[in-house]
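One file, structure_13.cif, is given below (mmCIF, C-alpha atoms).
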```
data_protein
loop_
_atom_site.label_atom_id
_atom_site.label_comp_id
_atom_site.auth_asym_id
_atom_site.auth_seq_id
_atom_site.Cartn_x
_atom_site.Cartn_y
_atom_site.Cartn_z
CA MET A 13 -14.58 6.79 -3.24
CA ASP A 14 -18.29 6.55 -4.09
CA THR A 15 -18.96 9.22 -1.48
CA LEU A 16 -16.42 11.50 -3.14
CA ARG A 17 -17.88 10.82 -6.58
CA ASP A 18 -21.38 11.63 -5.39
CA ALA A 19 -20.24 14.82 -3.65
CA LEU A 20 -18.47 15.92 -6.84
CA ARG A 21 -21.58 15.31 -8.92
CA VAL A 22 -23.56 17.62 -6.66
CA PHE A 23 -20.76 20.21 -6.55
CA ASN A 24 -20.41 20.36 -10.34
CA SER A 25 -24.10 20.31 -11.08
CA GLU A 26 -24.89 23.07 -8.55
CA ARG A 27 -22.38 25.26 -10.39
CA ASP A 28 -23.45 24.15 -13.85
CA TRP A 29 -19.84 23.23 -14.62
CA GLN A 30 -20.61 20.00 -16.44
CA LYS A 31 -20.44 21.86 -19.74
CA PHE A 32 -16.73 22.55 -19.20
CA HIS A 33 -16.07 19.00 -18.13
CA SER A 34 -15.55 17.13 -21.36
CA PRO A 35 -13.17 14.17 -20.87
CA LYS A 36 -10.62 16.05 -22.99
CA ASN A 37 -10.71 19.07 -20.68
CA LEU A 38 -10.71 16.98 -17.52
CA ALA A 39 -7.62 15.11 -18.74
CA MET A 40 -5.90 18.47 -19.24
CA ALA A 41 -6.93 19.69 -15.79
CA LEU A 42 -5.67 16.46 -14.24
CA MET A 43 -2.35 17.02 -15.99
CA VAL A 44 -2.05 20.60 -14.76
CA GLU A 45 -2.72 19.55 -11.17
CA THR A 46 -0.14 16.78 -11.42
CA ALA A 47 2.43 19.28 -12.64
CA GLU A 48 1.66 21.49 -9.65
CA LEU A 49 2.37 18.53 -7.41
CA MET A 50 5.61 17.71 -9.21
CA GLU A 51 6.76 21.31 -9.07
CA HIS A 52 7.28 20.92 -5.32
CA PHE A 53 9.90 18.28 -6.03
CA GLN A 54 11.71 19.70 -9.04
CA TRP A 55 14.80 21.11 -7.35
CA LEU A 56 14.99 18.67 -4.44
CA THR A 57 17.36 15.76 -4.21
CA GLN A 58 15.71 12.39 -3.73
CA ASP A 59 16.80 12.42 -0.10
CA GLU A 60 15.29 15.83 0.47
CA SER A 61 12.05 14.59 -1.08
CA ARG A 62 11.96 11.88 1.60
CA GLN A 63 12.22 14.43 4.44
CA LEU A 64 9.82 17.20 3.65
CA PRO A 65 9.10 19.94 6.20
CA SER A 66 5.51 19.78 7.41
CA SER A 67 4.55 23.09 5.74
CA LYS A 68 5.47 21.61 2.38
CA LYS A 69 3.78 18.32 3.15
CA GLU A 70 0.56 20.20 3.76
CA LYS A 71 0.69 21.85 0.36
CA ILE A 72 1.46 18.57 -1.32
CA SER A 73 -1.44 16.95 0.47
CA GLU A 74 -3.70 19.58 -1.04
CA GLU A 75 -2.36 18.81 -4.52
CA ILE A 76 -3.03 15.11 -3.97
CA GLY A 77 -6.60 16.07 -3.14
CA ASP A 78 -6.88 18.06 -6.37
CA ILE A 79 -5.54 15.18 -8.44
CA LEU A 80 -7.96 12.68 -6.92
CA ILE A 81 -10.84 15.09 -7.50
CA TYR A 82 -10.10 15.38 -11.22
CA LEU A 83 -9.35 11.69 -11.55
CA VAL A 84 -12.72 10.79 -10.02
CA ASN A 85 -14.48 13.43 -12.17
CA LEU A 86 -12.92 11.99 -15.32
CA ALA A 87 -13.54 8.37 -14.38
CA ASP A 88 -17.17 9.18 -13.60
CA LYS A 89 -17.67 10.73 -17.06
CA LEU A 90 -16.27 7.57 -18.65
CA ASP A 91 -18.11 5.14 -16.37
CA VAL A 92 -14.85 3.75 -15.08
CA ASP A 93 -14.39 2.53 -11.51
CA PRO A 94 -10.92 3.83 -10.56
CA LEU A 95 -10.30 1.34 -7.76
CA GLY A 96 -11.36 -1.58 -9.94
CA ALA A 97 -9.13 -0.30 -12.75
CA ALA A 98 -6.16 -0.06 -10.36
CA MET A 99 -6.70 -3.58 -9.01
CA THR A 100 -6.93 -4.97 -12.55
CA LYS A 101 -3.75 -3.16 -13.53
CA LEU A 102 -1.93 -4.37 -10.44
CA GLU A 103 -2.80 -7.94 -11.37
CA LYS A 104 -1.42 -7.33 -14.89
CA ASN A 105 1.76 -5.94 -13.37
CA ARG A 106 2.11 -9.07 -11.25
CA GLN A 107 2.19 -11.15 -14.44
CA LYS A 108 4.47 -8.74 -16.27
CA TYR A 109 7.02 -8.37 -13.49
CA PRO A 110 7.30 -11.72 -11.70
CA VAL A 111 9.24 -11.49 -8.45
CA SER A 112 11.86 -13.97 -9.65
CA LYS A 113 12.85 -11.75 -12.57
CA SER A 114 12.19 -8.32 -11.10
CA LYS A 115 13.63 -8.52 -7.62
CA GLY A 116 16.48 -6.14 -7.01
CA LYS A 117 17.11 -5.50 -10.67
CA SER A 118 13.78 -4.04 -11.71
CA LEU A 119 13.32 -4.75 -15.42
CA LYS A 120 10.81 -2.07 -15.95
CA TYR A 121 13.33 0.65 -15.38
CA ASP A 122 15.55 -0.66 -18.15
CA GLU A 123 12.86 -0.98 -20.74
CA LEU A 124 13.33 2.50 -22.06
CA ASP A 125 16.96 1.89 -22.92
CA MET B 9 -8.41 2.41 -1.04
CA ASP B 10 -6.73 0.86 2.00
CA THR B 11 -6.89 -2.52 0.29
CA LEU B 12 -5.14 -1.08 -2.76
CA ARG B 13 -2.51 0.61 -0.58
CA ASP B 14 -1.79 -2.62 1.27
CA ALA B 15 -1.59 -4.63 -1.95
CA LEU B 16 0.87 -2.09 -3.37
CA ARG B 17 3.05 -2.27 -0.28
CA VAL B 18 3.36 -6.03 -0.72
CA PHE B 19 3.91 -5.73 -4.47
CA ASN B 20 6.70 -3.17 -4.11
CA SER B 21 8.40 -4.84 -1.21
CA GLU B 22 8.40 -8.29 -2.87
CA ARG B 23 10.25 -6.70 -5.80
CA ASP B 24 12.51 -4.55 -3.66
CA TRP B 25 11.38 -1.49 -5.60
CA GLN B 26 11.09 0.82 -2.59
CA LYS B 27 14.58 2.13 -3.30
CA PHE B 28 13.39 3.61 -6.59
CA HIS B 29 10.29 5.06 -5.00
CA SER B 30 11.43 8.37 -3.59
CA PRO B 31 8.58 10.91 -3.54
CA LYS B 32 10.44 12.84 -6.24
CA ASN B 33 10.54 9.82 -8.56
CA LEU B 34 6.96 8.82 -7.80
CA ALA B 35 5.78 12.34 -8.67
CA MET B 36 7.56 12.02 -12.01
CA ALA B 37 6.06 8.60 -12.67
CA LEU B 38 2.61 9.94 -11.84
CA MET B 39 3.16 12.73 -14.34
CA VAL B 40 4.27 10.36 -17.08
CA GLU B 41 1.19 8.18 -16.58
CA THR B 42 -1.08 11.21 -16.67
CA ALA B 43 0.48 12.27 -19.97
CA GLU B 44 -0.20 8.81 -21.38
CA LEU B 45 -3.83 9.26 -20.42
CA MET B 46 -4.01 12.72 -21.95
CA GLU B 47 -2.37 11.52 -25.15
CA HIS B 48 -5.55 9.62 -25.99
CA PHE B 49 -7.42 12.92 -26.12
CA GLN B 50 -4.93 15.21 -27.80
CA TRP B 51 -6.34 15.26 -31.32
CA LEU B 52 -9.98 14.69 -30.45
CA THR B 53 -12.63 17.37 -30.39
CA GLN B 54 -14.43 17.74 -27.08
CA ASP B 55 -17.47 16.03 -28.60
CA GLU B 56 -15.39 13.10 -29.77
CA SER B 57 -13.94 12.80 -26.28
CA ARG B 58 -17.48 12.36 -24.98
CA GLN B 59 -18.20 9.45 -27.35
CA LEU B 60 -15.19 7.17 -27.19
CA PRO B 61 -15.26 3.77 -28.88
CA SER B 62 -15.10 0.96 -26.34
CA SER B 63 -11.61 -0.15 -27.45
CA LYS B 64 -10.28 3.27 -26.55
CA LYS B 65 -12.25 3.39 -23.34
CA GLU B 66 -10.57 0.20 -22.24
CA LYS B 67 -7.11 1.63 -22.75
CA ILE B 68 -8.04 4.77 -20.91
CA SER B 69 -9.41 2.72 -18.05
CA GLU B 70 -6.01 1.07 -17.77
CA GLU B 71 -4.30 4.47 -17.63
CA ILE B 72 -6.68 5.55 -14.86
CA GLY B 73 -5.59 2.44 -12.98
CA ASP B 74 -1.93 3.38 -13.45
CA ILE B 75 -2.51 6.90 -12.20
CA LEU B 76 -4.34 5.76 -9.09
CA ILE B 77 -1.55 3.24 -8.38
CA TYR B 78 1.13 5.91 -8.42
CA LEU B 79 -1.03 8.40 -6.53
CA VAL B 80 -1.60 5.87 -3.74
CA ASN B 81 2.09 4.92 -3.73
CA LEU B 82 3.10 8.56 -3.37
CA ALA B 83 0.47 9.39 -0.76
CA ASP B 84 1.52 6.34 1.27
CA LYS B 85 5.16 7.51 1.30
CA LEU B 86 4.04 10.91 2.58
CA ASP B 87 1.49 9.56 5.08
CA VAL B 88 -1.32 11.34 3.30
CA ASP B 89 -4.83 9.91 3.08
CA PRO B 90 -5.88 10.69 -0.53
CA LEU B 91 -9.62 10.49 0.10
CA GLY B 92 -9.38 12.71 3.16
CA ALA B 93 -7.26 15.19 1.20
CA ALA B 94 -9.84 15.28 -1.59
CA MET B 95 -12.72 15.82 0.81
CA THR B 96 -10.86 18.65 2.54
CA LYS B 97 -10.07 20.26 -0.82
CA LEU B 98 -13.67 19.95 -1.96
CA GLU B 99 -14.79 21.79 1.15
CA LYS B 100 -12.26 24.56 0.40
CA ASN B 101 -13.59 24.76 -3.15
CA ARG B 102 -17.12 25.14 -1.81
CA GLN B 103 -15.98 28.27 0.05
CA LYS B 104 -13.95 29.60 -2.86
CA TYR B 105 -16.61 29.12 -5.48
CA PRO B 106 -20.01 29.81 -3.90
CA VAL B 107 -22.91 28.74 -6.08
CA SER B 108 -24.31 32.26 -6.23
CA LYS B 109 -21.16 33.62 -7.83
CA SER B 110 -20.02 30.60 -9.81
CA LYS B 111 -23.19 29.30 -11.39
CA GLY B 112 -23.19 29.45 -15.14
CA LYS B 113 -20.30 31.84 -15.37
CA SER B 114 -17.60 29.86 -13.64
CA LEU B 115 -15.13 32.26 -12.11
CA LYS B 116 -12.35 29.79 -11.89
CA TYR B 117 -11.97 29.58 -15.62
CA ASP B 118 -11.40 33.29 -15.90
CA GLU B 119 -8.78 33.55 -13.22
CA LEU B 120 -5.91 33.00 -15.57
CA ASP B 121 -6.90 35.95 -17.72
CA MET C 743 14.55 28.82 -36.37
CA ASP C 744 12.85 30.57 -39.31
CA THR C 745 14.00 27.75 -41.56
CA LEU C 746 12.43 25.19 -39.23
CA ARG C 747 9.22 27.20 -39.04
CA ASP C 748 8.97 27.43 -42.81
CA ALA C 749 9.71 23.73 -43.26
CA LEU C 750 6.97 22.89 -40.74
CA ARG C 751 4.45 25.09 -42.53
CA VAL C 752 5.07 23.16 -45.75
CA PHE C 753 5.02 19.81 -43.96
CA ASN C 754 1.71 20.50 -42.22
CA SER C 755 0.01 22.06 -45.19
CA GLU C 756 1.02 19.21 -47.56
CA ARG C 757 -0.69 16.80 -45.18
CA ASP C 758 -3.66 19.06 -44.49
CA TRP C 759 -2.99 18.78 -40.77
CA GLN C 760 -3.67 22.40 -39.96
CA LYS C 761 -7.23 21.51 -38.97
CA PHE C 762 -5.94 19.42 -36.09
CA HIS C 763 -3.51 22.10 -35.03
CA SER C 764 -5.55 24.42 -32.84
CA PRO C 765 -3.37 26.09 -30.19
CA LYS C 766 -5.19 23.99 -27.58
CA ASN C 767 -4.28 20.73 -29.30
CA LEU C 768 -0.71 21.83 -30.00
CA ALA C 769 -0.23 22.70 -26.32
CA MET C 770 -1.41 19.18 -25.44
CA ALA C 771 0.92 17.61 -27.99
CA LEU C 772 3.82 19.65 -26.65
CA MET C 773 3.02 18.38 -23.17
CA VAL C 774 2.88 14.77 -24.28
CA GLU C 775 6.28 15.04 -26.00
CA THR C 776 7.78 16.67 -22.91
CA ALA C 777 6.52 13.78 -20.78
CA GLU C 778 8.16 11.33 -23.18
CA LEU C 779 11.42 13.17 -22.66
CA MET C 780 11.04 13.20 -18.90
CA GLU C 781 10.19 9.50 -18.84
CA HIS C 782 13.81 8.73 -19.70
CA PHE C 783 14.87 10.33 -16.44
CA GLN C 784 12.19 9.16 -14.04
CA TRP C 785 14.07 6.34 -12.29
CA LEU C 786 17.57 7.73 -12.64
CA THR C 787 19.51 9.42 -9.88
CA GLN C 788 20.68 12.93 -10.69
CA ASP C 789 24.20 11.60 -11.13
CA GLU C 790 23.05 8.95 -13.56
CA SER C 791 21.21 11.62 -15.52
CA ARG C 792 24.55 13.41 -15.94
CA GLN C 793 26.23 10.34 -17.44
CA LEU C 794 23.82 8.90 -19.96
CA PRO C 795 24.89 6.07 -22.25
CA SER C 796 25.01 7.21 -25.87
CA SER C 797 22.07 4.99 -26.92
CA LYS C 798 19.87 6.83 -24.45
CA LYS C 799 21.28 10.20 -25.42
CA GLU C 800 20.22 9.54 -28.98
CA LYS C 801 16.63 8.86 -27.99
CA ILE C 802 16.56 11.94 -25.84
CA SER C 803 17.92 14.01 -28.69
CA GLU C 804 14.98 12.84 -30.77
CA GLU C 805 12.54 13.93 -28.05
CA ILE C 806 14.19 17.34 -27.93
CA GLY C 807 13.56 17.57 -31.66
CA ASP C 808 9.90 16.68 -31.16
CA ILE C 809 9.48 19.30 -28.46
CA LEU C 810 11.04 22.04 -30.55
CA ILE C 811 8.83 21.07 -33.50
CA TYR C 812 5.64 21.47 -31.49
CA LEU C 813 6.89 24.59 -29.76
CA VAL C 814 7.61 26.24 -33.12
CA ASN C 815 4.26 25.04 -34.52
CA LEU C 816 2.42 26.55 -31.56
CA ALA C 817 4.39 29.80 -31.56
CA ASP C 818 3.76 30.18 -35.29
CA LYS C 819 -0.02 29.85 -34.78
CA LEU C 820 0.11 32.57 -32.13
CA ASP C 821 2.50 34.84 -34.04
CA VAL C 822 5.07 34.60 -31.29
CA ASP C 823 8.82 34.62 -31.95
CA PRO C 824 10.17 31.97 -29.55
CA LEU C 825 13.73 33.29 -29.46
CA GLY C 826 12.57 36.83 -28.82
CA ALA C 827 10.22 35.58 -26.09
CA ALA C 828 13.10 33.70 -24.43
CA MET C 829 15.41 36.71 -24.56
CA THR C 830 12.72 38.94 -23.04
CA LYS C 831 12.09 36.39 -20.28
CA LEU C 832 15.78 36.06 -19.56
CA GLU C 833 15.99 39.81 -19.07
CA LYS C 834 13.05 39.63 -16.65
CA ASN C 835 14.80 36.86 -14.74
CA ARG C 836 17.92 39.00 -14.47
CA GLN C 837 15.85 41.63 -12.64
CA LYS C 838 14.01 39.10 -10.52
CA TYR C 839 17.06 37.16 -9.43
CA PRO C 840 19.93 39.62 -9.00
CA VAL C 841 23.29 37.90 -8.60
CA SER C 842 23.85 39.47 -5.19
CA LYS C 843 20.75 37.84 -3.75
CA SER C 844 20.62 34.64 -5.75
CA LYS C 845 24.19 33.42 -5.75
CA GLY C 846 24.68 30.11 -4.05
CA LYS C 847 21.40 30.16 -2.22
CA SER C 848 19.03 30.37 -5.13
CA LEU C 849 15.89 32.10 -3.99
CA LYS C 850 13.73 30.70 -6.67
CA TYR C 851 13.97 27.21 -5.35
CA ASP C 852 12.59 28.26 -2.00
CA GLU C 853 9.64 30.15 -3.28
CA LEU C 854 7.34 27.20 -3.24
CA ASP C 855 7.85 26.67 0.46
CA MET D 1385 19.83 29.98 -30.61
CA ASP D 1386 23.57 29.99 -29.93
CA THR D 1387 23.24 33.51 -28.56
CA LEU D 1388 20.51 32.34 -26.18
CA ARG D 1389 22.57 29.34 -25.12
CA ASP D 1390 25.59 31.50 -24.38
CA ALA D 1391 23.52 34.04 -22.45
CA LEU D 1392 22.02 31.23 -20.37
CA ARG D 1393 25.47 29.83 -19.57
CA VAL D 1394 26.51 33.20 -18.19
CA PHE D 1395 23.22 33.68 -16.33
CA ASN D 1396 23.40 30.27 -14.62
CA SER D 1397 27.05 30.41 -13.81
CA GLU D 1398 26.82 33.92 -12.30
CA ARG D 1399 24.19 32.57 -9.92
CA ASP D 1400 25.96 29.28 -9.30
CA TRP D 1401 22.82 27.42 -10.32
CA GLN D 1402 24.57 24.71 -12.30
CA LYS D 1403 24.45 22.45 -9.26
CA PHE D 1404 20.65 22.37 -9.41
CA HIS D 1405 20.65 21.80 -13.14
CA SER D 1406 21.05 18.06 -13.52
CA PRO D 1407 19.38 16.80 -16.71
CA LYS D 1408 16.79 15.06 -14.51
CA ASN D 1409 15.86 18.33 -12.77
CA LEU D 1410 15.87 20.33 -16.00
CA ALA D 1411 13.52 17.81 -17.60
CA MET D 1412 11.16 18.29 -14.64
CA ALA D 1413 11.38 22.07 -14.87
CA LEU D 1414 10.67 21.92 -18.59
CA MET D 1415 7.60 19.83 -17.83
CA VAL D 1416 6.32 22.25 -15.21
CA GLU D 1417 6.68 25.20 -17.59
CA THR D 1418 4.86 23.32 -20.32
CA ALA D 1419 2.00 22.62 -17.94
CA GLU D 1420 1.81 26.32 -17.13
CA LEU D 1421 1.47 27.00 -20.84
CA MET D 1422 -1.20 24.34 -21.27
CA GLU D 1423 -3.14 25.63 -18.27
CA HIS D 1424 -4.12 28.69 -20.30
CA PHE D 1425 -5.94 26.43 -22.74
CA GLN D 1426 -7.57 23.90 -20.46
CA TRP D 1427 -11.10 25.25 -20.37
CA LEU D 1428 -11.17 26.86 -23.80
CA THR D 1429 -12.83 25.39 -26.84
CA GLN D 1430 -10.55 24.88 -29.81
CA ASP D 1431 -12.12 27.88 -31.50
CA GLU D 1432 -11.52 30.06 -28.47
CA SER D 1433 -7.89 28.94 -28.45
CA ARG D 1434 -7.59 30.28 -32.00
CA GLN D 1435 -8.84 33.74 -30.99
CA LEU D 1436 -7.03 34.67 -27.81
CA PRO D 1437 -7.33 38.16 -26.36
CA SER D 1438 -4.02 39.99 -26.48
CA SER D 1439 -3.58 40.00 -22.69
CA LYS D 1440 -3.64 36.24 -22.71
CA LYS D 1441 -1.39 36.03 -25.74
CA GLU D 1442 1.21 38.03 -23.85
CA LYS D 1443 1.21 35.61 -20.94
CA ILE D 1444 1.45 32.66 -23.27
CA SER D 1445 4.34 34.28 -25.06
CA GLU D 1446 6.15 34.47 -21.74
CA GLU D 1447 5.54 30.76 -21.13
CA ILE D 1448 6.93 29.97 -24.58
CA GLY D 1449 10.04 31.90 -23.55
CA ASP D 1450 10.32 29.84 -20.35
CA ILE D 1451 9.99 26.58 -22.23
CA LEU D 1452 12.66 27.50 -24.76
CA ILE D 1453 14.98 28.58 -21.94
CA TYR D 1454 14.73 25.21 -20.21
CA LEU D 1455 14.90 23.30 -23.47
CA VAL D 1456 18.14 25.07 -24.42
CA ASN D 1457 19.54 24.58 -20.90
CA LEU D 1458 18.83 20.86 -21.06
CA ALA D 1459 20.10 20.42 -24.61
CA ASP D 1460 23.29 22.25 -23.68
CA LYS D 1461 23.91 19.89 -20.75
CA LEU D 1462 23.52 16.92 -23.10
CA ASP D 1463 25.50 18.43 -25.97
CA VAL D 1464 22.50 18.29 -28.25
CA ASP D 1465 21.81 20.89 -30.93
CA PRO D 1466 18.03 21.47 -30.67
CA LEU D 1467 17.59 22.84 -34.18
CA GLY D 1468 19.60 20.01 -35.71
CA ALA D 1469 17.56 17.50 -33.69
CA ALA D 1470 14.31 19.05 -34.93
CA MET D 1471 15.42 19.00 -38.55
CA THR D 1472 16.46 15.35 -38.27
CA LYS D 1473 13.14 14.46 -36.69
CA LEU D 1474 11.21 16.34 -39.35
CA GLU D 1475 12.98 14.31 -42.03
CA LYS D 1476 12.02 11.10 -40.18
CA ASN D 1477 8.43 12.28 -40.04
CA ARG D 1478 8.47 12.88 -43.79
CA GLN D 1479 9.33 9.19 -44.30
CA LYS D 1480 6.87 7.97 -41.71
CA TYR D 1481 3.91 10.03 -42.90
CA PRO D 1482 4.12 10.24 -46.70
CA VAL D 1483 1.73 12.81 -48.17
CA SER D 1484 -0.07 10.17 -50.24
CA LYS D 1485 -1.11 8.22 -47.15
CA SER D 1486 -1.44 11.01 -44.61
CA LYS D 1487 -3.29 13.70 -46.49
CA GLY D 1488 -6.67 14.55 -45.06
CA LYS D 1489 -6.93 11.40 -43.02
CA SER D 1490 -3.93 11.81 -40.78
CA LEU D 1491 -2.77 8.34 -39.82
CA LYS D 1492 -0.85 9.45 -36.84
CA TYR D 1493 -3.96 10.45 -34.98
CA ASP D 1494 -5.40 6.97 -35.26
CA GLU D 1495 -2.35 5.12 -34.09
CA LEU D 1496 -3.36 5.20 -30.48
CA ASP D 1497 -6.58 3.33 -31.15
#
```

Encoded form using structure tokens:
Amino acid sequence: MDTLRDALRVFNSERDWQKFHSPKNLAMALMVETAELMEHFQWLTQDESRQLPSSKKEKISEEIGDILIYLVNLADKLDVDPLGAAMTKLEKNRQKYPVSKSKGKSLKYDELD
Amino acid sequence: MDTLRDALRVFNSERDWQKFHSPKNLAMALMVETAELMEHFQWLTQDESRQLPSSKKEKISEEIGDILIYLVNLADKLDVDPLGAAMTKLEKNRQKYPVSKSKGKSLKYDELD
Amino acid sequence: MDTLRDALRVFNSERDWQKFHSPKNLAMALMVETAELMEHFQWLTQDESRQLPSSKKEKISEEIGDILIYLVNLADKLDVDPLGAAMTKLEKNRQKYPVSKSKGKSLKYDELD
Amino acid sequence: MDTLRDALRVFNSERDWQKFHSPKNLAMALMVETAELMEHFQWLTQDESRQLPSSKKEKISEEIGDILIYLVNLADKLDVDPLGAAMTKLEKNRQKYPVSKSKGKSLKYDELD
């Protein structure tokens, strides 16, 4: 992850693109890339989404790359360590959804109701 | 990243949440988390987004954690290595946007026009 | 639609919110509202999404209201007539997806592959 | 709006596309179209977004058409009247953001902090 971050710093600075990369703009770009990923799934059934042809998988893999690139760009601007943030959040989720209450039923999916 | 992936596998399987985690659903969840991140920036100017108060930065850090969690969950389902995908994409971008043509002007931002 | 647009103009101008309402920001707000709508569907099967309990339908109806509000706000800023734009696009789609070629199979869903 | 809804019913049923149009899928499609709209704004400053060249305005107008098409499709599936929903929501917003408290300052934008 640090290697990716460092490579992105060089890439952006060589092109003088830092000026476009406000956190606001990077959040928008991240969103647009995520929508491009989701677009591949929009008309599929859940089962179909579990059995993608390899041509489609390749395109989706590229979108995952794009998303990680913008996520690391944004996190770098904000001095956030993405892996650390994910581990912290996972620990929070462990408290919030204890196995005894969440197993099988999955509270979180009913919260919106 | 592998540590996070392994921890997520345990977390999801302990709660029997794999059944909800079709690639289609995970792509939607990823999208929703990304929108929650972007929401923090929607009314800010670009300058304001560069100088966030620390209380806001903390919340955004948590959203970054959420996004990485779902990205790793999705990539794991599809047998994609997110870091490898990002590195491959970065190399493609190096070809697509050579410094000589991209510096200062930034072709990619004019493509939509 | 014109009634809604006029009511929104008064609402925004009474609160002096026009300054926040650049097309860029309104597009972001529209996106965030759309994600809130989609969140209601993220863990449902397609069948479940066809048989929503009325409590959920009510919340979704509110999100639809939010989305239309921001869409009309944005279109008004850009001097676009949303209904006219939709009718024009529908006509384009009629050309692009003739019944003879689209029936049953649905070309458009395969385009991404 | 009713004219658009009726035209869409004919369009979809001629092509036998109703089977793809679960509310879950329509919510995803709506999201993807909204991201395509937002993409036009992602690298612009707010001022630039207020002064779009007419070529860009035309493309954005088409995206607005797409969004309204999917919004009306989805609302129709759920038996929701989009204009009624927007008017109801606007009335709620009037209560929630009284002019006396919202003018100039704009409470709603600080809520996330």

Practice problem: Convert the output of the PyMOL selection byres ((chain C and resi 771) around 12) on the shown file into explicit residues, formatted as a VMD selection string. | Solution: (chain A and resid 40) or (chain B and resid 43 to 44 46 to 52) or (chain C and resid 762 to 770 772 to 778 808 to 813 815 to 816) or (chain D and resid 1418 to 1419 1421 to 1422 1493)

Practice problem: Figure out the distance between atom CA of Lys843 of chain C and atom CA of Glu70 of chain A, please, to one decimal in Å. | Solution: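 Here the two named atoms are 27.8 Å from each other.
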
Quiz prompt | Distance in Å - atom CA of Lys108 of chain A versus atom CA of Pro61 of chain B | solution = 26.5 Å

Quiz item: What lies within 10 Å of Met95 of chain B using all atoms listed in the file, ignoring chain neighbours under 6 positions off, as a ChimeraX atom specification?
Solution: /A:15-16,19-20,74,77-78,80-81 /B:101

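If you look at atom CA of Thr53 of chain B and atom CA of Asp1431 of chain D, they are 10.6 Å away from each other.
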
Edge lengths and centre in Å to one decimal, as AutoDock Vina command-line options, of the axis-aligned box that encloses all listed atoms of segment 827-841 of chain C with 4 Å added on every side?
```
--center_x 16.8 --center_y 37.7 --center_z -17.3 --size_x 21.1 --size_y 15.9 --size_z 25.5
```
